[in-house]
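Visitor: Take a look at run-v6.cif, mmCIF, N, CA and C atoms:
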data_entry
loop_
_atom_site.label_atom_id
_atom_site.label_comp_id
_atom_site.auth_asym_id
_atom_site.auth_seq_id
_atom_site.Cartn_x
_atom_site.Cartn_y
_atom_site.Cartn_z
N MET A 1 -75.63 233.75 240.40
CA MET A 1 -75.18 233.31 241.71
C MET A 1 -74.77 231.85 241.60
N SER A 2 -73.66 231.50 242.23
CA SER A 2 -73.18 230.12 242.17
C SER A 2 -74.07 229.21 243.02
N ARG A 3 -73.97 227.92 242.79
CA ARG A 3 -74.75 226.96 243.59
C ARG A 3 -74.36 227.04 245.06
N PHE A 4 -73.07 227.21 245.32
CA PHE A 4 -72.61 227.32 246.70
C PHE A 4 -73.22 228.55 247.37
N GLY A 5 -73.21 229.66 246.67
CA GLY A 5 -73.78 230.90 247.21
C GLY A 5 -75.27 230.76 247.50
N LEU A 6 -75.98 230.11 246.58
CA LEU A 6 -77.40 229.88 246.77
C LEU A 6 -77.65 228.95 247.96
N ALA A 7 -76.85 227.90 248.07
CA ALA A 7 -77.00 226.97 249.21
C ALA A 7 -76.72 227.67 250.53
N LEU A 8 -75.70 228.52 250.54
CA LEU A 8 -75.38 229.27 251.75
C LEU A 8 -76.51 230.23 252.12
N LEU A 9 -77.06 230.92 251.15
CA LEU A 9 -78.17 231.83 251.38
C LEU A 9 -79.38 231.08 251.94
N LEU A 10 -79.72 229.94 251.36
CA LEU A 10 -80.84 229.14 251.86
C LEU A 10 -80.58 228.65 253.27
N ALA A 11 -79.36 228.24 253.56
CA ALA A 11 -79.03 227.74 254.90
C ALA A 11 -79.22 228.83 255.94
N VAL A 12 -78.85 230.04 255.61
CA VAL A 12 -79.00 231.15 256.55
C VAL A 12 -80.46 231.39 256.89
N PHE A 13 -81.34 231.28 255.91
CA PHE A 13 -82.75 231.60 256.13
C PHE A 13 -83.60 230.41 256.54
N LEU A 14 -83.18 229.19 256.28
CA LEU A 14 -84.03 228.03 256.55
C LEU A 14 -83.60 227.23 257.77
N VAL A 15 -82.38 227.35 258.20
CA VAL A 15 -81.90 226.57 259.33
C VAL A 15 -82.14 227.37 260.62
N PRO A 16 -82.69 226.70 261.66
CA PRO A 16 -82.89 227.43 262.91
C PRO A 16 -81.56 227.92 263.45
N THR A 17 -81.59 229.07 264.05
CA THR A 17 -80.39 229.65 264.61
C THR A 17 -80.44 229.49 266.12
N PRO A 18 -79.60 228.60 266.67
CA PRO A 18 -79.59 228.45 268.12
C PRO A 18 -78.90 229.64 268.76
N GLY A 19 -79.22 229.87 270.00
CA GLY A 19 -78.58 230.95 270.71
C GLY A 19 -78.61 230.72 272.20
N ARG A 20 -77.97 231.59 272.92
CA ARG A 20 -77.95 231.53 274.38
C ARG A 20 -78.96 232.53 274.91
N ALA A 21 -79.23 232.43 276.20
CA ALA A 21 -80.15 233.38 276.82
C ALA A 21 -79.66 234.81 276.61
N ASP A 22 -78.34 234.98 276.49
CA ASP A 22 -77.77 236.31 276.24
C ASP A 22 -78.21 236.86 274.88
N ASP A 23 -78.60 235.96 273.96
CA ASP A 23 -79.01 236.36 272.62
C ASP A 23 -80.48 236.76 272.53
N LEU A 24 -81.20 236.66 273.62
CA LEU A 24 -82.61 236.99 273.65
C LEU A 24 -82.82 238.48 273.39
N PRO A 25 -83.77 238.84 272.53
CA PRO A 25 -84.04 240.27 272.33
C PRO A 25 -84.37 240.96 273.65
N ARG A 26 -83.87 242.14 273.81
CA ARG A 26 -84.03 242.90 275.06
C ARG A 26 -85.50 243.00 275.50
N GLN A 27 -86.41 243.14 274.56
CA GLN A 27 -87.83 243.26 274.87
C GLN A 27 -88.37 242.04 275.62
N LEU A 28 -87.73 240.88 275.46
CA LEU A 28 -88.24 239.64 276.06
C LEU A 28 -87.55 239.26 277.37
N THR A 29 -86.52 240.00 277.78
CA THR A 29 -85.79 239.61 278.98
C THR A 29 -86.63 239.71 280.24
N GLY A 30 -87.56 240.65 280.33
CA GLY A 30 -88.41 240.77 281.51
C GLY A 30 -89.24 239.51 281.73
N ASP A 31 -89.79 238.96 280.65
CA ASP A 31 -90.57 237.73 280.76
C ASP A 31 -89.68 236.56 281.15
N LEU A 32 -88.47 236.50 280.63
CA LEU A 32 -87.52 235.45 280.98
C LEU A 32 -87.21 235.50 282.48
N ILE A 33 -86.92 236.68 282.99
CA ILE A 33 -86.59 236.84 284.41
C ILE A 33 -87.80 236.50 285.27
N ARG A 34 -88.98 236.93 284.88
CA ARG A 34 -90.21 236.63 285.62
C ARG A 34 -90.44 235.12 285.69
N THR A 35 -90.27 234.43 284.59
CA THR A 35 -90.45 232.97 284.55
C THR A 35 -89.44 232.29 285.47
N GLU A 36 -88.21 232.74 285.43
CA GLU A 36 -87.17 232.16 286.30
C GLU A 36 -87.52 232.37 287.77
N HIS A 37 -87.94 233.56 288.14
CA HIS A 37 -88.28 233.84 289.54
C HIS A 37 -89.52 233.09 290.01
N GLU A 38 -90.48 232.89 289.13
CA GLU A 38 -91.70 232.16 289.50
C GLU A 38 -91.47 230.67 289.65
N ASN A 39 -90.47 230.13 288.98
CA ASN A 39 -90.29 228.69 288.92
C ASN A 39 -89.07 228.14 289.63
N CYS A 40 -88.06 228.92 289.81
CA CYS A 40 -86.78 228.39 290.30
C CYS A 40 -86.29 229.20 291.50
N ARG A 41 -86.04 228.51 292.60
CA ARG A 41 -85.58 229.18 293.83
C ARG A 41 -84.07 229.42 293.85
N THR A 42 -83.38 228.89 292.86
CA THR A 42 -81.94 229.07 292.74
C THR A 42 -81.65 229.56 291.32
N SER A 43 -80.44 229.48 290.89
CA SER A 43 -80.12 229.99 289.55
C SER A 43 -80.52 229.00 288.46
N THR A 44 -80.84 229.56 287.30
CA THR A 44 -81.18 228.76 286.13
C THR A 44 -80.03 228.85 285.14
N GLY A 45 -79.66 227.69 284.62
CA GLY A 45 -78.65 227.63 283.57
C GLY A 45 -79.33 227.32 282.25
N TYR A 46 -78.86 227.93 281.18
CA TYR A 46 -79.48 227.78 279.88
C TYR A 46 -78.51 227.12 278.91
N GLY A 47 -78.99 226.12 278.17
CA GLY A 47 -78.19 225.43 277.17
C GLY A 47 -78.05 226.25 275.90
N ALA A 48 -77.19 225.78 275.03
CA ALA A 48 -76.88 226.50 273.79
C ALA A 48 -78.09 226.61 272.86
N ARG A 49 -79.05 225.71 272.96
CA ARG A 49 -80.22 225.75 272.07
C ARG A 49 -81.48 226.23 272.81
N PHE A 50 -81.31 226.98 273.89
CA PHE A 50 -82.44 227.52 274.62
C PHE A 50 -83.21 228.54 273.79
N VAL A 51 -82.51 229.42 273.12
CA VAL A 51 -83.12 230.44 272.26
C VAL A 51 -82.95 230.00 270.81
N VAL A 52 -84.06 229.83 270.10
CA VAL A 52 -84.00 229.49 268.68
C VAL A 52 -84.72 230.60 267.92
N ALA A 53 -84.00 231.23 267.01
CA ALA A 53 -84.56 232.31 266.19
C ALA A 53 -84.82 231.74 264.80
N ARG A 54 -86.10 231.71 264.42
CA ARG A 54 -86.47 231.14 263.13
C ARG A 54 -87.88 231.59 262.77
N ASP A 55 -88.13 231.75 261.50
CA ASP A 55 -89.48 232.04 261.03
C ASP A 55 -90.30 230.76 261.18
N VAL A 56 -91.31 230.78 262.05
CA VAL A 56 -92.15 229.59 262.25
C VAL A 56 -93.57 229.79 261.73
N ASP A 57 -93.89 230.99 261.24
CA ASP A 57 -95.25 231.24 260.77
C ASP A 57 -95.32 231.68 259.32
N GLY A 58 -94.19 231.70 258.63
CA GLY A 58 -94.18 231.98 257.20
C GLY A 58 -94.30 233.43 256.80
N ASP A 59 -94.16 234.36 257.73
CA ASP A 59 -94.28 235.78 257.37
C ASP A 59 -92.94 236.40 256.99
N GLY A 60 -91.87 235.61 257.02
CA GLY A 60 -90.55 236.12 256.65
C GLY A 60 -89.79 236.77 257.77
N ARG A 61 -90.41 236.94 258.93
CA ARG A 61 -89.72 237.53 260.10
C ARG A 61 -89.20 236.42 261.01
N LYS A 62 -88.09 236.70 261.67
CA LYS A 62 -87.57 235.77 262.66
C LYS A 62 -88.51 235.78 263.86
N ASP A 63 -88.84 234.59 264.33
CA ASP A 63 -89.61 234.42 265.55
C ASP A 63 -88.67 233.83 266.58
N ILE A 64 -89.07 233.84 267.83
CA ILE A 64 -88.22 233.33 268.91
C ILE A 64 -88.94 232.19 269.62
N VAL A 65 -88.26 231.06 269.73
CA VAL A 65 -88.74 229.93 270.53
C VAL A 65 -87.80 229.80 271.72
N LEU A 66 -88.38 229.79 272.93
CA LEU A 66 -87.62 229.51 274.14
C LEU A 66 -87.95 228.09 274.56
N ASP A 67 -86.96 227.22 274.50
CA ASP A 67 -87.13 225.80 274.77
C ASP A 67 -86.56 225.48 276.16
N TYR A 68 -87.46 225.39 277.13
CA TYR A 68 -87.03 225.17 278.51
C TYR A 68 -86.54 223.75 278.77
N ALA A 69 -86.57 222.88 277.75
CA ALA A 69 -85.89 221.59 277.86
C ALA A 69 -84.38 221.84 277.94
N GLN A 70 -83.97 223.05 277.53
CA GLN A 70 -82.57 223.47 277.56
C GLN A 70 -82.24 224.32 278.78
N ALA A 71 -83.11 224.27 279.81
CA ALA A 71 -82.89 225.06 281.03
C ALA A 71 -82.86 224.13 282.24
N LEU A 72 -81.95 224.41 283.15
CA LEU A 72 -81.85 223.64 284.38
C LEU A 72 -81.93 224.57 285.58
N CYS A 73 -82.77 224.22 286.52
CA CYS A 73 -82.92 224.98 287.76
C CYS A 73 -82.04 224.31 288.81
N GLY A 74 -80.97 224.98 289.19
CA GLY A 74 -80.05 224.37 290.16
C GLY A 74 -79.50 223.04 289.67
N GLY A 75 -79.33 222.90 288.36
CA GLY A 75 -78.80 221.68 287.78
C GLY A 75 -79.84 220.61 287.49
N GLN A 76 -81.11 220.88 287.76
CA GLN A 76 -82.18 219.91 287.55
C GLN A 76 -83.20 220.44 286.53
N PRO A 77 -83.85 219.55 285.75
CA PRO A 77 -84.84 220.01 284.77
C PRO A 77 -86.15 220.49 285.40
N GLU A 78 -86.46 220.02 286.60
CA GLU A 78 -87.68 220.50 287.26
C GLU A 78 -87.41 221.91 287.77
N PRO A 79 -88.33 222.77 287.73
CA PRO A 79 -89.75 222.68 287.44
C PRO A 79 -90.10 222.99 285.98
N TYR A 80 -89.10 223.18 285.13
CA TYR A 80 -89.39 223.53 283.74
C TYR A 80 -89.91 222.33 282.94
N CYS A 81 -89.58 221.13 283.37
CA CYS A 81 -90.02 219.91 282.69
C CYS A 81 -90.67 218.97 283.69
N ASP A 82 -91.71 218.28 283.24
CA ASP A 82 -92.35 217.23 284.03
C ASP A 82 -92.91 216.19 283.07
N ALA A 83 -93.74 215.30 283.55
CA ALA A 83 -94.27 214.22 282.71
C ALA A 83 -95.06 214.72 281.50
N SER A 84 -95.63 215.92 281.60
CA SER A 84 -96.43 216.45 280.49
C SER A 84 -95.57 217.15 279.44
N GLY A 85 -94.30 217.31 279.71
CA GLY A 85 -93.40 217.95 278.76
C GLY A 85 -92.64 219.09 279.40
N CYS A 86 -91.99 219.87 278.57
CA CYS A 86 -91.20 221.01 279.05
C CYS A 86 -91.86 222.31 278.61
N LEU A 87 -91.66 223.33 279.41
CA LEU A 87 -92.17 224.65 279.10
C LEU A 87 -91.58 225.11 277.77
N LEU A 88 -92.44 225.69 276.95
CA LEU A 88 -92.04 226.21 275.65
C LEU A 88 -92.75 227.54 275.47
N LYS A 89 -92.03 228.53 274.99
CA LYS A 89 -92.63 229.84 274.71
C LYS A 89 -92.31 230.21 273.27
N LEU A 90 -93.30 230.80 272.61
CA LEU A 90 -93.14 231.26 271.24
C LEU A 90 -93.51 232.73 271.18
N TYR A 91 -92.60 233.51 270.62
CA TYR A 91 -92.83 234.93 270.38
C TYR A 91 -92.73 235.15 268.88
N LEU A 92 -93.79 235.69 268.29
CA LEU A 92 -93.79 235.98 266.87
C LEU A 92 -93.24 237.37 266.64
N GLY A 93 -92.38 237.49 265.64
CA GLY A 93 -91.85 238.79 265.27
C GLY A 93 -92.93 239.63 264.61
N THR A 94 -93.01 240.89 265.01
CA THR A 94 -93.96 241.82 264.42
C THR A 94 -93.17 243.03 263.92
N SER A 95 -93.84 243.94 263.26
CA SER A 95 -93.13 245.13 262.77
C SER A 95 -92.64 245.99 263.93
N GLY A 96 -93.27 245.85 265.10
CA GLY A 96 -92.87 246.66 266.25
C GLY A 96 -92.15 245.90 267.34
N GLY A 97 -91.83 244.63 267.14
CA GLY A 97 -91.13 243.87 268.17
C GLY A 97 -91.57 242.42 268.21
N TRP A 98 -92.18 242.01 269.33
CA TRP A 98 -92.51 240.61 269.56
C TRP A 98 -93.87 240.48 270.22
N ARG A 99 -94.59 239.42 269.86
CA ARG A 99 -95.89 239.13 270.47
C ARG A 99 -95.89 237.67 270.92
N LYS A 100 -96.20 237.44 272.21
CA LYS A 100 -96.23 236.07 272.70
C LYS A 100 -97.43 235.36 272.08
N ALA A 101 -97.16 234.24 271.39
CA ALA A 101 -98.21 233.49 270.71
C ALA A 101 -98.51 232.16 271.39
N PHE A 102 -97.57 231.67 272.21
CA PHE A 102 -97.78 230.40 272.89
C PHE A 102 -96.91 230.33 274.13
N GLU A 103 -97.49 229.79 275.19
CA GLU A 103 -96.75 229.42 276.39
C GLU A 103 -97.45 228.19 276.95
N GLY A 104 -96.73 227.10 277.01
CA GLY A 104 -97.29 225.86 277.52
C GLY A 104 -96.24 224.78 277.53
N ARG A 105 -96.68 223.56 277.75
CA ARG A 105 -95.75 222.42 277.81
C ARG A 105 -95.87 221.57 276.55
N ALA A 106 -94.75 221.04 276.13
CA ALA A 106 -94.70 220.16 274.98
C ALA A 106 -93.60 219.13 275.20
N LYS A 107 -93.84 217.93 274.72
CA LYS A 107 -92.81 216.90 274.80
C LYS A 107 -91.82 217.04 273.65
N SER A 108 -92.30 217.58 272.53
CA SER A 108 -91.41 217.80 271.38
C SER A 108 -91.95 218.95 270.55
N TRP A 109 -91.06 219.53 269.78
CA TRP A 109 -91.47 220.57 268.84
C TRP A 109 -90.54 220.52 267.64
N ALA A 110 -91.06 220.98 266.53
CA ALA A 110 -90.29 221.02 265.28
C ALA A 110 -90.94 222.03 264.36
N VAL A 111 -90.20 222.46 263.38
CA VAL A 111 -90.73 223.33 262.34
C VAL A 111 -90.64 222.55 261.04
N GLU A 112 -91.78 222.40 260.38
CA GLU A 112 -91.85 221.69 259.11
C GLU A 112 -92.39 222.61 258.03
N ASP A 113 -91.99 222.32 256.81
CA ASP A 113 -92.54 223.03 255.67
C ASP A 113 -93.85 222.34 255.28
N ARG A 114 -94.96 223.07 255.38
CA ARG A 114 -96.27 222.56 255.00
C ARG A 114 -96.87 223.51 253.98
N SER A 115 -97.12 222.97 252.81
CA SER A 115 -97.67 223.76 251.70
C SER A 115 -96.81 224.97 251.40
N GLY A 116 -95.49 224.78 251.46
CA GLY A 116 -94.56 225.86 251.14
C GLY A 116 -94.41 226.90 252.22
N ARG A 117 -94.87 226.61 253.42
CA ARG A 117 -94.84 227.58 254.51
C ARG A 117 -94.37 226.89 255.79
N PRO A 118 -93.45 227.53 256.55
CA PRO A 118 -93.01 226.91 257.80
C PRO A 118 -94.18 226.83 258.79
N THR A 119 -94.27 225.70 259.49
CA THR A 119 -95.34 225.49 260.46
C THR A 119 -94.73 224.90 261.73
N LEU A 120 -95.06 225.46 262.88
CA LEU A 120 -94.58 224.95 264.15
C LEU A 120 -95.46 223.78 264.58
N LEU A 121 -94.82 222.65 264.85
CA LEU A 121 -95.52 221.47 265.34
C LEU A 121 -95.17 221.25 266.80
N LEU A 122 -96.20 221.08 267.61
CA LEU A 122 -96.02 220.74 269.02
C LEU A 122 -96.54 219.33 269.21
N ASP A 123 -95.68 218.45 269.69
CA ASP A 123 -96.04 217.04 269.86
C ASP A 123 -96.65 216.47 268.58
N GLY A 124 -96.10 216.87 267.43
CA GLY A 124 -96.51 216.35 266.14
C GLY A 124 -97.71 217.02 265.52
N ARG A 125 -98.32 218.00 266.20
CA ARG A 125 -99.52 218.68 265.66
C ARG A 125 -99.23 220.16 265.45
N PRO A 126 -99.80 220.71 264.37
CA PRO A 126 -99.59 222.15 264.12
C PRO A 126 -100.17 222.99 265.25
N LEU A 127 -99.45 224.03 265.60
CA LEU A 127 -99.94 224.97 266.62
C LEU A 127 -101.12 225.73 266.04
N ALA A 128 -102.24 225.66 266.74
CA ALA A 128 -103.44 226.41 266.31
C ALA A 128 -103.26 227.86 266.69
N ARG A 129 -103.61 228.75 265.78
CA ARG A 129 -103.51 230.20 266.06
C ARG A 129 -104.89 230.80 266.02
#
Hey, can you dump this file as C-alpha cells for me?

Guide:
Amino acid sequence: MSRFGLALLLAVFLVPTPGRADDLPRQLTGDLIRTEHENCRTSTGYGARFVVARDVDGDGRKDIVLDYAQALCGGQPEPYCDASGCLLKLYLGTSGGWRKAFEGRAKSWAVEDRSGRPTLLLDGRPLAR
C-alpha cells in the first residue's frame, strides 16, 4: 500500500466525522426530539458539527457525540448552554445499536489517544465509565 493510501485510510478512521442532525442514526432520533421538546419552545437549529461519529472508547465501533454547543433554540444558545457548559450526549456503538453512556454539561470535550486507545475528555478529564 502506498503512503498516500495508508494516510487516507488512517484519516478515515482517526478523524472525527462531523454531521448534521439528519445524519443521526434512526434509533437516536426519538431522544433528539424529546430533548428539543423539553428544552426549546420554538425550533432548534443544528450546526454542521452537532453530530460527531467517532470511536471514543477504543472498541473499534463508531460512537455518536451530540454537541449541543452546535444547537440554537430560536437562534439562541440557551437553554442548551449556560455558565456550566453546554449539553453533551454520548452514545456508544454496540453490536445491536447504541447505548447512552453520558448526558450532561461540559465546557469542552475532545478525544485523545491515551495508551494507544481513544479516550473522551470532558473539560480536560477522562470520562469515567

Visitor: Find the residues near Ile64 of chain A: any atom within 9 Å, counting only C-alpha atoms, skip ones fewer than 6 places away on the same chain, and give them as number ranges by chain.

Guide: A: 24-25, 51-56, 89-93, 98

Visitor: Could you spell out the hits of the PyMOL selection byres ((chain A and resi 104) around 6.5) on the shown file, as a list in words?

Guide: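 Taken on the displayed file, the PyMOL selection byres ((chain A and resi 104) around 6.5) yields the residues Cys86, Leu87, Leu88, Lys89, Phe102, Glu103, Arg105 and Ala106 of chain A.
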
Visitor: Quick one: of A:Gln70, A:Ser95, A:Thr35, A:Ser115, who's nearest to Gly47 of chain A, counting all atoms listed in the file?

Guide: A:Gln70

Visitor: Considering only C-alpha atoms, state which residue in the set A:Arg49, A:Arg125, A:Arg41, A:Lys107 is at the smallest distance from Asp82 of chain A.

Guide: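 Checking each candidate against Asp82 of chain A, we get A:Lys107 as the closest.
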
Visitor: What is the distance between atom C of Thr94 of chain A and atom CA of Thr119 of chain A, in Å to one decimal?

Guide: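 So the two atoms, atom C of Thr94 of chain A and atom CA of Thr119 of chain A, lie 18.0 Å apart.
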
Visitor: Between atom CA of Leu121 of chain A and atom CA of Trp109 of chain A, what is the spacing in Å?

Guide: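 A separation of 5.4 Å between them.
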